[in-house]
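Everything below belongs to coords_1.pdb, which stores PDB, C-alpha atoms and all ligand atoms.
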MODEL        1
ATOM      1  CA  MET A 124       8.549 -12.251   8.070  1.00  0.00           C
ATOM      2  CA  HIS A 125       8.737  -9.473   5.473  1.00  0.00           C
ATOM      3  CA  GLU A 126       5.069  -8.440   5.685  1.00  0.00           C
ATOM      4  CA  LEU A 127       5.195  -8.131   9.469  1.00  0.00           C
ATOM      5  CA  SER A 128       7.785  -5.347   9.356  1.00  0.00           C
ATOM      6  CA  ILE A 129       5.807  -3.634   6.591  1.00  0.00           C
ATOM      7  CA  ALA A 130       2.656  -3.801   8.715  1.00  0.00           C
ATOM      8  CA  GLN A 131       4.646  -2.247  11.567  1.00  0.00           C
ATOM      9  CA  ASN A 132       5.724   0.575   9.241  1.00  0.00           C
ATOM     10  CA  ILE A 133       2.091   1.188   8.293  1.00  0.00           C
ATOM     11  CA  VAL A 134       1.125   1.403  11.974  1.00  0.00           C
ATOM     12  CA  GLU A 135       3.970   3.912  12.508  1.00  0.00           C
ATOM     13  CA  ILE A 136       2.664   6.014   9.624  1.00  0.00           C
ATOM     14  CA  ILE A 137      -0.833   5.981  11.174  1.00  0.00           C
ATOM     15  CA  HIS A 138       0.664   7.046  14.534  1.00  0.00           C
ATOM     16  CA  GLN A 139       2.468   9.867  12.755  1.00  0.00           C
ATOM     17  CA  TYR A 140      -0.685  11.262  11.121  1.00  0.00           C
ATOM     18  CA  VAL A 141      -3.428  10.462  13.626  1.00  0.00           C
ATOM     19  CA  PRO A 142      -3.211  11.837  17.187  1.00  0.00           C
ATOM     20  CA  ALA A 143      -3.501   9.233  19.977  1.00  0.00           C
ATOM     21  CA  ALA A 144      -6.932  10.486  21.051  1.00  0.00           C
ATOM     22  CA  GLU A 145      -8.383   9.847  17.589  1.00  0.00           C
ATOM     23  CA  ARG A 146      -6.841   6.462  16.799  1.00  0.00           C
ATOM     24  CA  ASP A 147      -9.864   4.457  17.957  1.00  0.00           C
ATOM     25  CA  ARG A 148     -11.829   6.254  15.212  1.00  0.00           C
ATOM     26  CA  VAL A 149      -9.574   4.951  12.412  1.00  0.00           C
ATOM     27  CA  ARG A 150     -11.752   2.757  10.196  1.00  0.00           C
ATOM     28  CA  SER A 151      -9.988   2.174   6.889  1.00  0.00           C
ATOM     29  CA  VAL A 152      -6.351   2.493   5.907  1.00  0.00           C
ATOM     30  CA  PHE A 153      -6.002   2.640   2.123  1.00  0.00           C
ATOM     31  CA  THR A 154      -2.696   1.420   0.772  1.00  0.00           C
ATOM     32  CA  THR A 155      -1.324   1.044  -2.730  1.00  0.00           C
ATOM     33  CA  VAL A 156       0.785  -2.077  -3.205  1.00  0.00           C
ATOM     34  CA  GLY A 157       2.742  -2.627  -6.411  1.00  0.00           C
ATOM     35  CA  GLU A 158       2.133  -6.021  -8.013  1.00  0.00           C
ATOM     36  CA  HIS A 159       5.899  -6.445  -8.273  1.00  0.00           C
ATOM     37  CA  SER A 160       6.701  -5.168  -4.773  1.00  0.00           C
ATOM     38  CA  GLY A 161       7.152  -8.701  -3.441  1.00  0.00           C
ATOM     39  CA  ILE A 162       4.414  -8.095  -0.863  1.00  0.00           C
ATOM     40  CA  VAL A 163       1.750 -10.767  -0.422  1.00  0.00           C
ATOM     41  CA  ALA A 164      -1.519  -8.929   0.207  1.00  0.00           C
ATOM     42  CA  ASP A 165      -3.149 -11.657   2.319  1.00  0.00           C
ATOM     43  CA  SER A 166      -0.044 -11.955   4.445  1.00  0.00           C
ATOM     44  CA  LEU A 167       0.121  -8.181   4.936  1.00  0.00           C
ATOM     45  CA  THR A 168      -3.557  -8.053   5.957  1.00  0.00           C
ATOM     46  CA  PHE A 169      -2.981 -10.897   8.423  1.00  0.00           C
ATOM     47  CA  SER A 170       0.097  -9.199   9.901  1.00  0.00           C
ATOM     48  CA  TYR A 171      -1.715  -5.892  10.229  1.00  0.00           C
ATOM     49  CA  GLN A 172      -4.635  -7.531  12.060  1.00  0.00           C
ATOM     50  CA  ALA A 173      -2.214  -9.395  14.334  1.00  0.00           C
ATOM     51  CA  ILE A 174      -0.268  -6.317  15.446  1.00  0.00           C
ATOM     52  CA  THR A 175      -3.291  -4.009  15.812  1.00  0.00           C
ATOM     53  CA  ALA A 176      -5.350  -6.543  17.805  1.00  0.00           C
ATOM     54  CA  ALA A 177      -5.973  -5.271  21.358  1.00  0.00           C
ATOM     55  CA  THR A 178      -4.660  -1.804  20.442  1.00  0.00           C
ATOM     56  CA  ASP A 179      -6.512   1.439  19.737  1.00  0.00           C
ATOM     57  CA  LEU A 180      -6.369   0.468  16.039  1.00  0.00           C
ATOM     58  CA  GLN A 181      -8.113  -2.890  16.491  1.00  0.00           C
ATOM     59  CA  ARG A 182     -11.264  -1.789  14.672  1.00  0.00           C
ATOM     60  CA  SER A 183      -9.397  -0.435  11.655  1.00  0.00           C
ATOM     61  CA  MET A 184      -9.196  -2.283   8.372  1.00  0.00           C
ATOM     62  CA  LEU A 185      -6.325  -2.403   5.913  1.00  0.00           C
ATOM     63  CA  VAL A 186      -7.455  -1.849   2.319  1.00  0.00           C
ATOM     64  CA  ILE A 187      -4.939  -2.935  -0.308  1.00  0.00           C
ATOM     65  CA  GLU A 188      -5.191  -1.540  -3.831  1.00  0.00           C
ATOM     66  CA  PRO A 189      -2.911  -3.285  -6.326  1.00  0.00           C
ATOM     67  CA  GLN A 190      -0.751  -1.079  -8.533  1.00  0.00           C
ATOM     68  CA  PRO A 191       0.194  -2.511 -11.960  1.00  0.00           C
ATOM     69  CA  PHE A 192       3.846  -2.862 -12.943  1.00  0.00           C
ATOM     70  CA  ILE A 193       4.440  -0.270 -15.683  1.00  0.00           C
ATOM     71  CA  ILE A 194       7.657   0.540 -17.534  1.00  0.00           C
ATOM     72  CA  ARG A 195       8.580   3.269 -20.025  1.00  0.00           C
ATOM     73  CA  CYS A 196      10.966   2.379 -22.842  1.00  0.00           C
ATOM     74  CA  SER A 197      13.966   4.677 -23.291  1.00  0.00           C
ATOM     75  CA  ALA A 198      14.346   3.597 -26.924  1.00  0.00           C
ATOM     76  CA  CYS A 199      10.800   4.006 -28.305  1.00  0.00           C
ATOM     77  CA  GLY A 200       8.983   5.778 -25.474  1.00  0.00           C
ATOM     78  CA  THR A 201       6.219   3.176 -25.152  1.00  0.00           C
ATOM     79  CA  GLU A 202       4.669   2.764 -21.708  1.00  0.00           C
ATOM     80  CA  SER A 203       3.652  -0.823 -21.069  1.00  0.00           C
ATOM     81  CA  ARG A 204       2.260  -2.994 -18.360  1.00  0.00           C
ATOM     82  CA  THR A 205       4.439  -6.073 -18.267  1.00  0.00           C
ATOM     83  CA  GLU A 206       3.906  -9.397 -16.572  1.00  0.00           C
ATOM     84  CA  MET A 207       6.114 -10.858 -13.852  1.00  0.00           C
ATOM     85  CA  GLY A 208       8.076  -7.639 -13.526  1.00  0.00           C
ATOM     86  CA  SER A 209       9.796  -7.921 -16.903  1.00  0.00           C
ATOM     87  CA  ILE A 210      11.755  -4.786 -17.828  1.00  0.00           C
ATOM     88  CA  GLN A 211      11.873  -5.609 -21.545  1.00  0.00           C
ATOM     89  CA  CYS A 212       9.838  -3.310 -23.821  1.00  0.00           C
ATOM     90  CA  PRO A 213       7.117  -5.450 -25.482  1.00  0.00           C
ATOM     91  CA  ALA A 214       7.066  -3.053 -28.476  1.00  0.00           C
ATOM     92  CA  CYS A 215      10.736  -3.018 -29.522  1.00  0.00           C
ATOM     93  CA  ARG A 216      12.351  -5.585 -27.149  1.00  0.00           C
ATOM     94  CA  ALA A 217      14.756  -3.001 -25.700  1.00  0.00           C
ATOM     95  CA  VAL A 218      15.709  -3.473 -22.047  1.00  0.00           C
ATOM     96  CA  GLU A 219      16.653   0.183 -21.473  1.00  0.00           C
ATOM     97  CA  THR A 220      13.477   0.975 -19.590  1.00  0.00           C
ATOM     98  CA  THR A 221      12.412   2.944 -16.534  1.00  0.00           C
ATOM     99  CA  VAL A 222      10.041   1.489 -13.945  1.00  0.00           C
ATOM    100  CA  LEU A 223       7.140   3.934 -13.483  1.00  0.00           C
ATOM    101  CA  SER A 224       5.107   2.013 -10.928  1.00  0.00           C
ATOM    102  CA  GLY A 225       4.474  -1.394  -9.465  1.00  0.00           C
ATOM    103  CA  THR A 226       7.254  -1.770  -6.892  1.00  0.00           C
ATOM    104  CA  GLU A 227       5.949   0.624  -4.251  1.00  0.00           C
ATOM    105  CA  LEU A 228       3.953   0.478  -1.079  1.00  0.00           C
ATOM    106  CA  ARG A 229       2.211   3.675  -0.150  1.00  0.00           C
ATOM    107  CA  VAL A 230      -0.321   4.646   2.515  1.00  0.00           C
ATOM    108  CA  ARG A 231      -2.740   6.691   0.413  1.00  0.00           C
ATOM    109  CA  GLU A 232      -5.490   7.622   2.850  1.00  0.00           C
ATOM    110  CA  ILE A 233      -6.470   7.077   6.472  1.00  0.00           C
ATOM    111  CA  GLU A 234     -10.214   7.217   6.970  1.00  0.00           C
ATOM    112  CA  LEU A 235     -11.648   8.131  10.354  1.00  0.00           C
ATOM    113  CA  GLU A 236     -15.149   7.530  11.633  1.00  0.00           C
ATOM    114  CA  ASP A 237     -17.213  10.709  11.998  1.00  0.00           C
ATOM    115  CA  GLU A 238     -16.940  12.628  15.243  1.00  0.00           C
ATOM    116  CA  PRO A 239     -19.714  11.505  17.616  1.00  0.00           C
ATOM    117  CA  GLN A 240     -22.538  14.051  17.695  1.00  0.00           C
ATOM    118  CA  GLU A 241     -22.602  16.309  20.770  1.00  0.00           C
ATOM    119  CA  GLN A 242     -25.560  15.535  23.010  1.00  0.00           C
ATOM    120  CA  SER A 243     -27.474  18.704  23.850  1.00  0.00           C
TER
HETATM  121 ZN    ZN B   1      10.575   0.141 -26.817  1.00  0.00          ZN
ENDMDL
END
Output the structure of this file as structure tokens.
Amino acid sequence: MHELSIAQNIVEIIHQYVPAAERDRVRSVFTTVGEHSGIVADSLTFSYQAITAATDLQRSMLVIEPQPFIIRCSACGTESRTEMGSIQCPACRAVETTVLSGTELRVREIELEDEPQEQS
């Protein structure tokens, strides 16, 4: 399953940025998922919950923010949001376009719970 390996990559990224001792304080993991990335958000959430269950990340939550598919036309310079990942410029019908966003998956922010207050 495609989303399972992506969820594993996300966990690896968390491990890279958050030291082992602090991983049980991870609350929210904010990700940006392009609407034409081929990733099914529900499936990714399910996979993430499945592989973090019974680990130090079990109380963390994956937050998925969709990123629109946007192209820039090389002929007329128009930037457009197109449906279904079309690379044709809606303004002039040219197909010489550059994809600006919408195919990526990015971990944007890892939010940790506040440090417990020292008892004095
Ligand atoms: Zn154009």
- Resolved residues for the PyMOL selection byres (((not hetatm)) within 10 of (chain B and resi 1)) as a PyMOL selection string: chain A and resi 194-203+211-220
Arg231 of chain A surroundings by only C-alpha atoms, 10 Å radius, close-in-sequence under 3 positions cut, as an mmCIF file with C-alpha atoms, in the frame of the given file:
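Output file around.cif follows:
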data_model
loop_
_atom_site.group_PDB
_atom_site.id
_atom_site.type_symbol
_atom_site.label_atom_id
_atom_site.label_comp_id
_atom_site.auth_asym_id
_atom_site.auth_seq_id
_atom_site.Cartn_x
_atom_site.Cartn_y
_atom_site.Cartn_z
ATOM 1 C CA VAL A 152 -6.351 2.493 5.907
ATOM 2 C CA PHE A 153 -6.002 2.640 2.123
ATOM 3 C CA THR A 154 -2.696 1.420 0.772
ATOM 4 C CA THR A 155 -1.324 1.044 -2.730
ATOM 5 C CA VAL A 186 -7.455 -1.849 2.319
ATOM 6 C CA ILE A 187 -4.939 -2.935 -0.308
ATOM 7 C CA GLU A 188 -5.191 -1.540 -3.831
ATOM 8 C CA LEU A 228 3.953 0.478 -1.079
ATOM 9 C CA GLU A 234 -10.214 7.217 6.970
#
- Message: Just checking: using all atoms listed in the file, which residue out of A:Gln139, A:Thr205, A:Ser128, A:Ser151 ends up closest to Leu167 of chain A?
- Response: A:Ser128
- With only C-alpha atoms as the atoms that count, which of A:Leu185, A:Ala177, A:Ile233, A:Met207 lies nearest to Tyr140 of chain A? A:Ile233
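Of the residues under consideration (A:Gln131, A:Gln190, A:Gln181, A:Ser166), A:Gln190 shows the shortest atom-to-atom contact distance to Ser224 of chain A when counting all atoms listed in the file.
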- Within 12 Å of Ile129 of chain A, counting only C-alpha atoms, which residues qualify if same-chain residues fewer than 5 places away don't, as a list in words?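 The filter keeps Met124, Val134, Glu135, Ile136, Thr154, Val156, Ser160, Gly161, Ile162, Val163, Ala164, Ser166, Leu167, Thr168, Phe169, Ser170, Tyr171, Ile174, Glu227, Leu228, Arg229 and Val230 of chain A.
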- Item | Close residues, Val149 of chain A itself excluded, 10 Å, all atoms listed in the file, min 3 positions apart in chain, as a VMD selection string | chain A and resid 137 141 145 to 146 152 179 to 184 233 to 237
- Would you please work out which residue, of A:Ser209, A:Thr221, A:Gln172, A:Thr178, is nearest to Glu126 of chain A when using all atoms listed in the file? A:Gln172
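The spacing separating atom CA of Asp165 of chain A from atom CA of Ile210 of chain A amounts to 26.0 Å.
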- Quick one: residues within 9 Å of Gly208 of chain A, only C-alpha atoms counted, chain neighbours fewer than 3 positions away excluded, as a ChimeraX atom specification? /A:158-159,192-193,204-205,225-226
- Give me, please, the distance in Å between atom CA of Arg150 of chain A and atom CA of His125 of chain A, quoted to one decimal.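 According to the coordinates, atom CA of Arg150 of chain A and atom CA of His125 of chain A are separated by 24.3 Å.
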- Hey, which of A:Pro191, A:Glu206, A:Val222, A:Ala176 ends up closest to Asp147 of chain A? Count all atoms listed in the file.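 Result for the nearest residue to Asp147 of chain A: A:Ala176.
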Would you output segment 173-222 of chain A from that structure, restricted to N, CA and C atoms, as a compact mmCIF listing (two decimals), in the first residue's frame?
# COMPACT_ATOMS: atom_id res chain seq x y z
N ALA A 173 -2.03 3.36 12.39
CA ALA A 173 -1.69 1.94 12.51
C ALA A 173 -0.23 1.74 12.89
N ILE A 174 0.68 2.50 12.27
CA ILE A 174 2.11 2.25 12.56
C ILE A 174 2.61 2.98 13.81
N THR A 175 1.85 3.98 14.30
CA THR A 175 2.31 4.65 15.53
C THR A 175 1.61 4.09 16.77
N ALA A 176 0.59 3.23 16.56
CA ALA A 176 -0.09 2.62 17.71
C ALA A 176 0.93 1.84 18.53
N ALA A 177 0.83 1.94 19.87
CA ALA A 177 1.74 1.23 20.78
C ALA A 177 3.20 1.64 20.59
N THR A 178 3.43 2.86 20.07
CA THR A 178 4.79 3.41 20.05
C THR A 178 4.76 4.72 20.83
N ASP A 179 5.95 5.35 20.96
CA ASP A 179 5.98 6.63 21.69
C ASP A 179 5.25 7.75 20.95
N LEU A 180 4.82 7.47 19.72
CA LEU A 180 4.07 8.49 18.95
C LEU A 180 2.56 8.22 18.95
N GLN A 181 2.11 7.29 19.80
CA GLN A 181 0.71 6.87 19.71
C GLN A 181 -0.30 7.98 20.01
N ARG A 182 0.13 9.01 20.75
CA ARG A 182 -0.82 10.08 21.06
C ARG A 182 -0.73 11.24 20.07
N SER A 183 0.09 11.09 19.05
CA SER A 183 0.22 12.17 18.07
C SER A 183 -0.86 12.04 16.99
N MET A 184 -1.14 13.16 16.35
CA MET A 184 -2.19 13.20 15.34
C MET A 184 -1.63 13.77 14.05
N LEU A 185 -1.95 13.12 12.95
CA LEU A 185 -1.52 13.60 11.64
C LEU A 185 -2.54 14.60 11.12
N VAL A 186 -2.06 15.81 10.80
CA VAL A 186 -2.94 16.84 10.25
C VAL A 186 -2.56 17.04 8.78
N ILE A 187 -3.53 16.85 7.90
CA ILE A 187 -3.26 16.93 6.47
C ILE A 187 -3.89 18.18 5.88
N GLU A 188 -3.04 19.05 5.32
CA GLU A 188 -3.53 20.27 4.68
C GLU A 188 -3.39 20.11 3.17
N PRO A 189 -4.53 20.14 2.45
CA PRO A 189 -4.44 19.96 1.00
C PRO A 189 -3.80 21.16 0.30
N GLN A 190 -3.00 20.86 -0.71
CA GLN A 190 -2.31 21.90 -1.47
C GLN A 190 -2.87 21.87 -2.90
N PRO A 191 -3.44 22.98 -3.38
CA PRO A 191 -4.03 22.96 -4.73
C PRO A 191 -3.00 22.72 -5.83
N PHE A 192 -3.46 22.14 -6.92
CA PHE A 192 -2.61 21.90 -8.08
C PHE A 192 -2.56 23.19 -8.91
N ILE A 193 -1.37 23.79 -8.99
CA ILE A 193 -1.24 25.09 -9.68
C ILE A 193 -0.14 24.98 -10.74
N ILE A 194 -0.45 25.49 -11.93
CA ILE A 194 0.54 25.50 -13.02
C ILE A 194 0.80 26.94 -13.47
N ARG A 195 2.00 27.17 -14.03
CA ARG A 195 2.28 28.46 -14.66
C ARG A 195 2.55 28.21 -16.14
N CYS A 196 1.87 29.01 -16.97
CA CYS A 196 1.97 28.85 -18.42
C CYS A 196 3.25 29.50 -18.94
N SER A 197 4.01 28.75 -19.76
CA SER A 197 5.23 29.30 -20.33
C SER A 197 4.93 30.26 -21.48
N ALA A 198 3.75 30.12 -22.08
CA ALA A 198 3.39 30.95 -23.23
C ALA A 198 2.85 32.32 -22.79
N CYS A 199 1.90 32.33 -21.85
CA CYS A 199 1.27 33.61 -21.48
C CYS A 199 1.54 34.01 -20.03
N GLY A 200 2.16 33.15 -19.26
CA GLY A 200 2.56 33.52 -17.91
C GLY A 200 1.47 33.41 -16.86
N THR A 201 0.28 32.98 -17.25
CA THR A 201 -0.84 32.87 -16.32
C THR A 201 -0.60 31.72 -15.33
N GLU A 202 -0.87 31.99 -14.05
CA GLU A 202 -0.85 30.92 -13.05
C GLU A 202 -2.28 30.49 -12.80
N SER A 203 -2.55 29.20 -12.93
CA SER A 203 -3.92 28.73 -12.75
C SER A 203 -3.98 27.49 -11.91
N ARG A 204 -5.12 27.38 -11.22
CA ARG A 204 -5.42 26.16 -10.50
C ARG A 204 -6.26 25.31 -11.44
N THR A 205 -5.78 24.15 -11.79
CA THR A 205 -6.52 23.32 -12.74
C THR A 205 -7.07 22.09 -12.04
N GLU A 206 -8.12 21.56 -12.60
CA GLU A 206 -8.76 20.38 -12.03
C GLU A 206 -8.11 19.12 -12.57
N MET A 207 -8.18 18.06 -11.79
CA MET A 207 -7.72 16.73 -12.20
C MET A 207 -6.29 16.71 -12.72
N GLY A 208 -5.49 17.66 -12.27
CA GLY A 208 -4.08 17.65 -12.64
C GLY A 208 -3.80 17.98 -14.09
N SER A 209 -4.71 18.68 -14.75
CA SER A 209 -4.48 19.06 -16.15
C SER A 209 -3.32 20.04 -16.24
N ILE A 210 -2.46 19.85 -17.25
CA ILE A 210 -1.33 20.77 -17.42
C ILE A 210 -1.59 21.75 -18.56
N GLN A 211 -2.84 21.81 -19.04
CA GLN A 211 -3.15 22.75 -20.12
C GLN A 211 -3.57 24.09 -19.54
N CYS A 212 -2.97 25.18 -20.07
CA CYS A 212 -3.30 26.53 -19.59
C CYS A 212 -4.75 26.85 -19.94
N PRO A 213 -5.60 27.19 -18.93
CA PRO A 213 -7.00 27.49 -19.22
C PRO A 213 -7.16 28.81 -19.97
N ALA A 214 -6.13 29.68 -19.91
CA ALA A 214 -6.23 30.99 -20.57
C ALA A 214 -5.96 30.90 -22.06
N CYS A 215 -4.89 30.20 -22.46
CA CYS A 215 -4.51 30.20 -23.89
C CYS A 215 -4.42 28.79 -24.48
N ARG A 216 -4.73 27.77 -23.68
CA ARG A 216 -4.76 26.37 -24.11
C ARG A 216 -3.38 25.77 -24.39
N ALA A 217 -2.31 26.51 -24.09
CA ALA A 217 -0.97 25.95 -24.29
C ALA A 217 -0.74 24.83 -23.28
N VAL A 218 0.12 23.87 -23.65
CA VAL A 218 0.43 22.79 -22.71
C VAL A 218 1.88 22.91 -22.21
N GLU A 219 2.58 23.98 -22.64
CA GLU A 219 3.93 24.23 -22.15
C GLU A 219 3.82 24.95 -20.81
N THR A 220 3.63 24.15 -19.76
CA THR A 220 3.41 24.75 -18.45
C THR A 220 4.32 24.10 -17.41
N THR A 221 4.53 24.81 -16.32
CA THR A 221 5.34 24.31 -15.22
C THR A 221 4.44 24.08 -14.01
N VAL A 222 4.58 22.93 -13.37
CA VAL A 222 3.80 22.65 -12.17
C VAL A 222 4.44 23.38 -10.99
